[in-house]
Amino acid sequence: MRGPAWWALLLVVALAVADLATARFVVEKNSIQVTSPEELKGKYECAIGNFGVPQYGGTLHGWVEYPRSNKKACQSFDQFDISFKPKAAGGRPNFVLVDRGDCFFTTKAWNAQNAGAAALLVVDDKDEPLITMDNPEEGKEHLENITIPSVLITKKLGDQLKKSAEKGDMLSVLLDWKESLPHPDERVEYELWTNSNDECGPKCDMQMDFVKSFRGTAQVLEKKGYTQFTPHYITWYCPESFVTSKQCKSQCINHGRYCAPDPEQDFSEGYDGKDVVVQNLHQICVFKIANDTGKPWLWWDYVHDFALRCPMNEKKYTKDCAHDVIKSLGVRHIILVDILLHFALEFDLFVPCAIVGNCGLDMEKINKCVGDPEADEDNEILKAEQDSQIGHGKRGDVTILPTLVINNRQYRGKLDKVAVLKAICSGFEETTEPAICLSEDVQTNECLDNNGGCWLDKANNVTACKDTFRGRVCECPIVKGVKFVGDGYTNCEASGIGRCEINNGGCWKETQKGKTISACLNEESEGCKCPAGFKGDGIKSCEGKEATTAAVGWSFLWVIFFGLVFAGVGAYAVYKYRLRSYMDSEIRAIMAQYMPLDNQEGANLNQHHVAHAEDI
């Protein structure tokens with residue numbers, strides 16, 4: 001007897017076959033670099049696991065251990081008294097190398113994590129292209145708690161590592177996710193492929209928990225223009241031969257064109273798949289109309305509030321409940337700027353939209369966007385969604401829920417607030433990421449340790465160290481609109497217009513008689529030049545040529561002046577001496593002419609006296 005379960009299985013198989021026939025899967029990869037032993041040194045590819053927390057934008061260096069027992073990690077390592085915790089505090093972390101097979105990948109990761117491993121390396125058991133390690137549809141009890149990254153490596157590399165480990169070699173590898181996501185510019189574009197079904201088990205719970213936790217962060221990033229977010233919803237089509245069946249009619253709208261699985265998979269009780277498709281369509285239209293009005297972030301509020309106010313298990317998953325949520329959207333954002341309504345929000349009080357003059361998004365436009373689910377024609381919105389499911393570029397087809405796509409690459413790993421934020425942050429061009437990407441929850445600041453080894457002007461508190469999501473960079477800064485140039489490590493100098501406002505452009509300056517003289521000229525783009533009338537290197541010293549010349553000139557004049565004075569005095573002395581000598585000679589000559597007798601008599605008299613004296 002063909003019961004509901006059989007029909008459900010048949011339809012799921014039919015839809016799966018139809019999708020898989022044309023599906024294009026892309027394995028997202030990172031790199032693993034073996035740093036020792038010497039003979040294995042090199043960089044290899046590995047596939048990122050679709051669980052745990054990959055370190056997007058970063059690296060992880062550790063020792064590799066291949067356990068002597070429990071080599072497939074399908075049992076707890078405690079049973080074998082094996083621990084992968086570092087032997088000493090602050091020691092390099094340990095990665096565990098395990099074989100594929102016998103249990104879920106998530107089980108291996110959970111056991112490795114509990115034993116203290118910092119990462120899981122799974123060795124493929126066959127020679128084949130790398131595949132994505134996915135989480136299972138069952139046995140999800142550990143899924144939400146796995147926080148270590150996991151990668152799949154090729155059988156060839158794994159066998160080499162195992163052989164080296166068994167010889168006793170020290171194995172050291174670097175896991176690198178820095179280029180796992182492209183980061184071409186200053187904005188990140190990302191998509192979340194989801195659905196409105198809240199009764200699909202752990203995956204639905206994970207989706208809703210993520211929306212609740214990430215909503216505020218997403219809205220801040222969007223409002224400030226850092227990101228561009230787009231929600232998407234997967235739908236399938238019903239094979240032509242089943243369009244008129246009860247099962248397709250209960251799961252599809254628009255005559256089998258757009259389908260979703262029955263939430264209870266019983267085709268008789270509760271909500272049907274078509275109810276999910278219609279609500280998915282409502283959520284897409286809410287985003288479209290909100291985006292058209294410049295407020296795309298309202299989607300997060302609508303999805304969050306609908307999940308809380310209109311759950312399936314309370315029989316509130318209805319069109320009327322959806323309309324009530326839509327009408328209240330405008331209220332939430334006006335409350336944020338009105339103190340009275342802020343208290344209403346604080347105490348979860350309902351405030352009619354008429355009070356604040358804003359009744360949310362235009363319901364008429366949303367209804368027009370949704371269209372007629374019973375029409376035997378394409379729905380423009382859902383048709384675009386199905387086309388978007390097809391992969392393009394380096395992105396594969398979207399076939400599972402939830403799927404996060406960042407910069408056109410499928411995100412792998414846990415759908416967790418911090419993990420997703422790290423991935424988004426790795427999508428920004430280096431040094432352009434918002435401040436939230438450098439918060440302690442996401443990234444450590446390498447500039448705090450010895451200024452990152454970069455140039456630093458302590459006097460003006462200017463540094464070339466910039467903390468980025470991928471680590472620090474030494475890049476000369478821009479301060480008050482002035483760009484510094486240099487190597488960023490040992491030298492940075494202000495350049496361009498306005499540079500003299502920053503530490504005087506590194507040039508000489510001096511204040512003389514209340515006037516400041518500087519070798520930094522704003523009209524010059526770089527360098528230091530002594531001003532007119534000065535000479536020197538312009539950096540440590542400038543000496544005034546005018547002052548020096550003037551000093552030398554006055555000294556020279558004083559020398560000449562005193563020389564002339566001395567020369568004049570000497571000439572005058574010579575003149576006076578020669579004049580007196582001449583006059584004396586003239587006087588003697590005249591006197592000789594007029595007084596010869598007196599001289600003669602005097603001479604005779606003198607002779608007489610002398611003779612008389614001798615006689616006596």
# chains A, B, ... in the order shown; residues from 1 in each chain; ligands from 1
$ select_by_dssp --residues "segment 31-274 of chain A" --states "helix (DSSP H, G or I)" --output "PyMOL selection string"
chain A and resi 38-40+77-80+105-114+143-145+155-166+202-223+240-242+246-251+273-274
$ residues_around --residues "Asn195 of chain A" --least-positions-apart "5" --cutoff "9 Å" --atoms "only C-alpha atoms" --output "list in words"
Cys204, Gln207, His232, Tyr233, Ile234, Val276, Val277, Gln279, Asn280, Gln283, Leu401 and Pro402 of chain A
$ write_last_selection --atoms "C-alpha atoms" --output "PDB file, in the first residue's frame"
ATOM      1  CA  CYS A 204      16.224  25.292  11.424  1.00  0.00           C
ATOM      2  CA  GLN A 207      19.321  29.301  11.305  1.00  0.00           C
ATOM      3  CA  HIS A 232      17.665  34.044  -0.711  1.00  0.00           C
ATOM      4  CA  TYR A 233      15.310  31.090  -0.495  1.00  0.00           C
ATOM      5  CA  ILE A 234      15.659  27.675  -2.091  1.00  0.00           C
ATOM      6  CA  VAL A 276       6.441  27.509   3.578  1.00  0.00           C
ATOM      7  CA  VAL A 277       6.881  28.670  -0.033  1.00  0.00           C
ATOM      8  CA  GLN A 279       5.997  32.679   3.633  1.00  0.00           C
ATOM      9  CA  ASN A 280       9.398  32.496   1.945  1.00  0.00           C
ATOM     10  CA  GLN A 283      10.099  37.404   3.358  1.00  0.00           C
ATOM     11  CA  LEU A 401      20.149  24.952   3.751  1.00  0.00           C
ATOM     12  CA  PRO A 402      21.427  27.032   5.317  1.00  0.00           C
TER      13      PRO A 402
END
$ closest_residue --among "A:Ala47, A:Val462, A:Ile284, A:Cys238" --to "Ile366 of chain A" --atoms "only C-alpha atoms"
A:Ile284
$ atom_distance --atom1 "atom CA of Tyr226 of chain A" --atom2 "atom CA of Ser426 of chain A"
12.6 Å
$ closest_atom_pairs --of "segment 428-476 of chain A" --to "segment 485-491 of chain A" --cutoff "6 Å" --atoms "only C-alpha atoms" --output "CSV"
residue,atom,partner,partner_atom,distance
A:Cys454,CA,A:Tyr489,CA,4.4
A:Trp455,CA,A:Tyr489,CA,4.7
A:Ala464,CA,A:Gly488,CA,5.5
A:Cys474,CA,A:Gly488,CA,4.9
A:Glu475,CA,A:Gly488,CA,4.8
A:Cys476,CA,A:Gly488,CA,4.9
$ closest_residue --among "A:Tyr237, A:Leu281, A:Asp185, A:Thr463" --to "Glu429 of chain A" --atoms "only C-alpha atoms"
A:Asp185
$ decode --residues "segment 40-81 of chain A" --atoms "N, CA and C atoms" --output "mmCIF file, in the first residue's frame"
data_model
loop_
_atom_site.group_PDB
_atom_site.id
_atom_site.type_symbol
_atom_site.label_atom_id
_atom_site.label_comp_id
_atom_site.auth_asym_id
_atom_site.auth_seq_id
_atom_site.Cartn_x
_atom_site.Cartn_y
_atom_site.Cartn_z
ATOM 1 N N LEU A 40 59.409 17.023 3.430
ATOM 2 C CA LEU A 40 57.992 17.233 3.094
ATOM 3 C C LEU A 40 57.616 18.703 3.000
ATOM 4 N N LYS A 41 58.616 19.575 3.169
ATOM 5 C CA LYS A 41 58.321 21.000 3.149
ATOM 6 C C LYS A 41 57.628 21.404 1.850
ATOM 7 N N GLY A 42 56.597 22.253 1.986
ATOM 8 C CA GLY A 42 55.872 22.710 0.807
ATOM 9 C C GLY A 42 54.444 23.094 1.158
ATOM 10 N N LYS A 43 53.743 23.643 0.178
ATOM 11 C CA LYS A 43 52.359 24.071 0.377
ATOM 12 C C LYS A 43 51.442 23.154 -0.421
ATOM 13 N N TYR A 44 50.369 22.710 0.236
ATOM 14 C CA TYR A 44 49.417 21.792 -0.369
ATOM 15 C C TYR A 44 47.993 22.317 -0.174
ATOM 16 N N GLU A 45 47.067 21.812 -0.976
ATOM 17 C CA GLU A 45 45.661 22.190 -0.816
ATOM 18 C C GLU A 45 44.953 21.242 0.135
ATOM 19 N N CYS A 46 43.961 21.771 0.845
ATOM 20 C CA CYS A 46 43.090 20.929 1.653
ATOM 21 C C CYS A 46 41.681 21.511 1.588
ATOM 22 N N ALA A 47 40.676 20.699 1.890
ATOM 23 C CA ALA A 47 39.278 21.113 1.783
ATOM 24 C C ALA A 47 38.741 21.497 3.155
ATOM 25 N N ILE A 48 38.045 22.631 3.219
ATOM 26 C CA ILE A 48 37.492 23.124 4.479
ATOM 27 C C ILE A 48 36.255 22.322 4.850
ATOM 28 N N GLY A 49 36.195 21.851 6.084
ATOM 29 C CA GLY A 49 35.027 21.128 6.558
ATOM 30 C C GLY A 49 33.832 22.051 6.739
ATOM 31 N N ASN A 50 32.637 21.511 6.543
ATOM 32 C CA ASN A 50 31.412 22.302 6.631
ATOM 33 C C ASN A 50 30.862 22.315 8.061
ATOM 34 N N PHE A 51 31.736 22.344 9.033
ATOM 35 C CA PHE A 51 31.361 22.400 10.440
ATOM 36 C C PHE A 51 32.563 22.957 11.199
ATOM 37 N N GLY A 52 32.381 23.230 12.484
ATOM 38 C CA GLY A 52 33.463 23.837 13.242
ATOM 39 C C GLY A 52 33.640 25.300 12.866
ATOM 40 N N VAL A 53 34.788 25.855 13.215
ATOM 41 C CA VAL A 53 35.048 27.280 12.979
ATOM 42 C C VAL A 53 36.361 27.454 12.222
ATOM 43 N N PRO A 54 36.318 27.505 10.887
ATOM 44 C CA PRO A 54 37.529 27.802 10.118
ATOM 45 C C PRO A 54 38.031 29.202 10.457
ATOM 46 N N GLN A 55 39.334 29.378 10.487
ATOM 47 C CA GLN A 55 39.912 30.673 10.852
ATOM 48 C C GLN A 55 40.055 31.560 9.615
ATOM 49 N N TYR A 56 38.913 31.959 9.031
ATOM 50 C CA TYR A 56 38.959 32.787 7.832
ATOM 51 C C TYR A 56 39.785 34.046 8.059
ATOM 52 N N GLY A 57 40.666 34.326 7.104
ATOM 53 C CA GLY A 57 41.510 35.509 7.191
ATOM 54 C C GLY A 57 42.745 35.318 8.041
ATOM 55 N N GLY A 58 42.923 34.134 8.644
ATOM 56 C CA GLY A 58 44.043 33.928 9.550
ATOM 57 C C GLY A 58 44.808 32.654 9.276
ATOM 58 N N THR A 59 45.710 32.346 10.189
ATOM 59 C CA THR A 59 46.530 31.137 10.089
ATOM 60 C C THR A 59 46.570 30.457 11.450
ATOM 61 N N LEU A 60 46.978 29.195 11.437
ATOM 62 C CA LEU A 60 47.123 28.429 12.680
ATOM 63 C C LEU A 60 48.306 27.483 12.508
ATOM 64 N N HIS A 61 49.300 27.622 13.383
ATOM 65 C CA HIS A 61 50.530 26.830 13.285
ATOM 66 C C HIS A 61 50.558 25.824 14.428
ATOM 67 N N GLY A 62 50.877 24.581 14.135
ATOM 68 C CA GLY A 62 50.893 23.590 15.197
ATOM 69 C C GLY A 62 51.699 22.350 14.853
ATOM 70 N N TRP A 63 51.919 21.532 15.894
ATOM 71 C CA TRP A 63 52.551 20.232 15.719
ATOM 72 C C TRP A 63 51.480 19.213 15.333
ATOM 73 N N VAL A 64 51.850 18.222 14.575
ATOM 74 C CA VAL A 64 50.910 17.196 14.127
ATOM 75 C C VAL A 64 51.197 15.887 14.848
ATOM 76 N N GLU A 65 50.148 15.301 15.407
ATOM 77 C CA GLU A 65 50.286 14.006 16.072
ATOM 78 C C GLU A 65 49.369 12.985 15.401
ATOM 79 N N TYR A 66 49.942 11.824 15.118
ATOM 80 C CA TYR A 66 49.165 10.715 14.567
ATOM 81 C C TYR A 66 49.010 9.692 15.696
ATOM 82 N N PRO A 67 47.800 9.527 16.242
ATOM 83 C CA PRO A 67 47.631 8.718 17.463
ATOM 84 C C PRO A 67 48.023 7.254 17.243
ATOM 85 N N ARG A 68 48.595 6.675 18.271
ATOM 86 C CA ARG A 68 49.005 5.267 18.188
ATOM 87 C C ARG A 68 47.792 4.334 18.249
ATOM 88 N N SER A 69 46.697 4.827 18.819
ATOM 89 C CA SER A 69 45.442 4.072 18.878
ATOM 90 C C SER A 69 44.302 4.990 18.462
ATOM 91 N N ASN A 70 43.142 4.397 18.160
ATOM 92 C CA ASN A 70 41.977 5.193 17.771
ATOM 93 C C ASN A 70 42.310 6.082 16.567
ATOM 94 N N LYS A 71 42.938 5.494 15.569
ATOM 95 C CA LYS A 71 43.456 6.244 14.427
ATOM 96 C C LYS A 71 42.359 6.881 13.581
ATOM 97 N N LYS A 72 41.107 6.414 13.700
ATOM 98 C CA LYS A 72 39.994 7.028 12.956
ATOM 99 C C LYS A 72 39.177 7.973 13.831
ATOM 100 N N ALA A 73 39.574 8.091 15.082
ATOM 101 C CA ALA A 73 38.946 9.029 16.029
ATOM 102 C C ALA A 73 37.448 8.807 16.157
ATOM 103 N N CYS A 74 37.012 7.577 16.063
ATOM 104 C CA CYS A 74 35.587 7.284 16.200
ATOM 105 C C CYS A 74 35.188 7.035 17.658
ATOM 106 N N GLN A 75 36.164 6.972 18.536
ATOM 107 C CA GLN A 75 35.909 6.793 19.964
ATOM 108 C C GLN A 75 36.584 7.913 20.746
ATOM 109 N N SER A 76 36.177 8.081 21.953
ATOM 110 C CA SER A 76 36.798 9.097 22.796
ATOM 111 C C SER A 76 38.257 8.734 23.063
ATOM 112 N N PHE A 77 39.138 9.695 22.978
ATOM 113 C CA PHE A 77 40.559 9.440 23.218
ATOM 114 C C PHE A 77 40.847 9.203 24.695
ATOM 115 N N ASP A 78 39.898 9.579 25.549
ATOM 116 C CA ASP A 78 40.077 9.316 26.976
ATOM 117 C C ASP A 78 40.216 7.822 27.249
ATOM 118 N N GLN A 79 39.546 7.012 26.455
ATOM 119 C CA GLN A 79 39.602 5.563 26.646
ATOM 120 C C GLN A 79 41.000 5.010 26.418
ATOM 121 N N PHE A 80 41.807 5.773 25.669
ATOM 122 C CA PHE A 80 43.160 5.306 25.339
ATOM 123 C C PHE A 80 44.226 6.137 26.054
ATOM 124 N N ASP A 81 43.756 6.991 26.979
ATOM 125 C CA ASP A 81 44.664 7.829 27.754
ATOM 126 C C ASP A 81 45.543 8.684 26.828
#
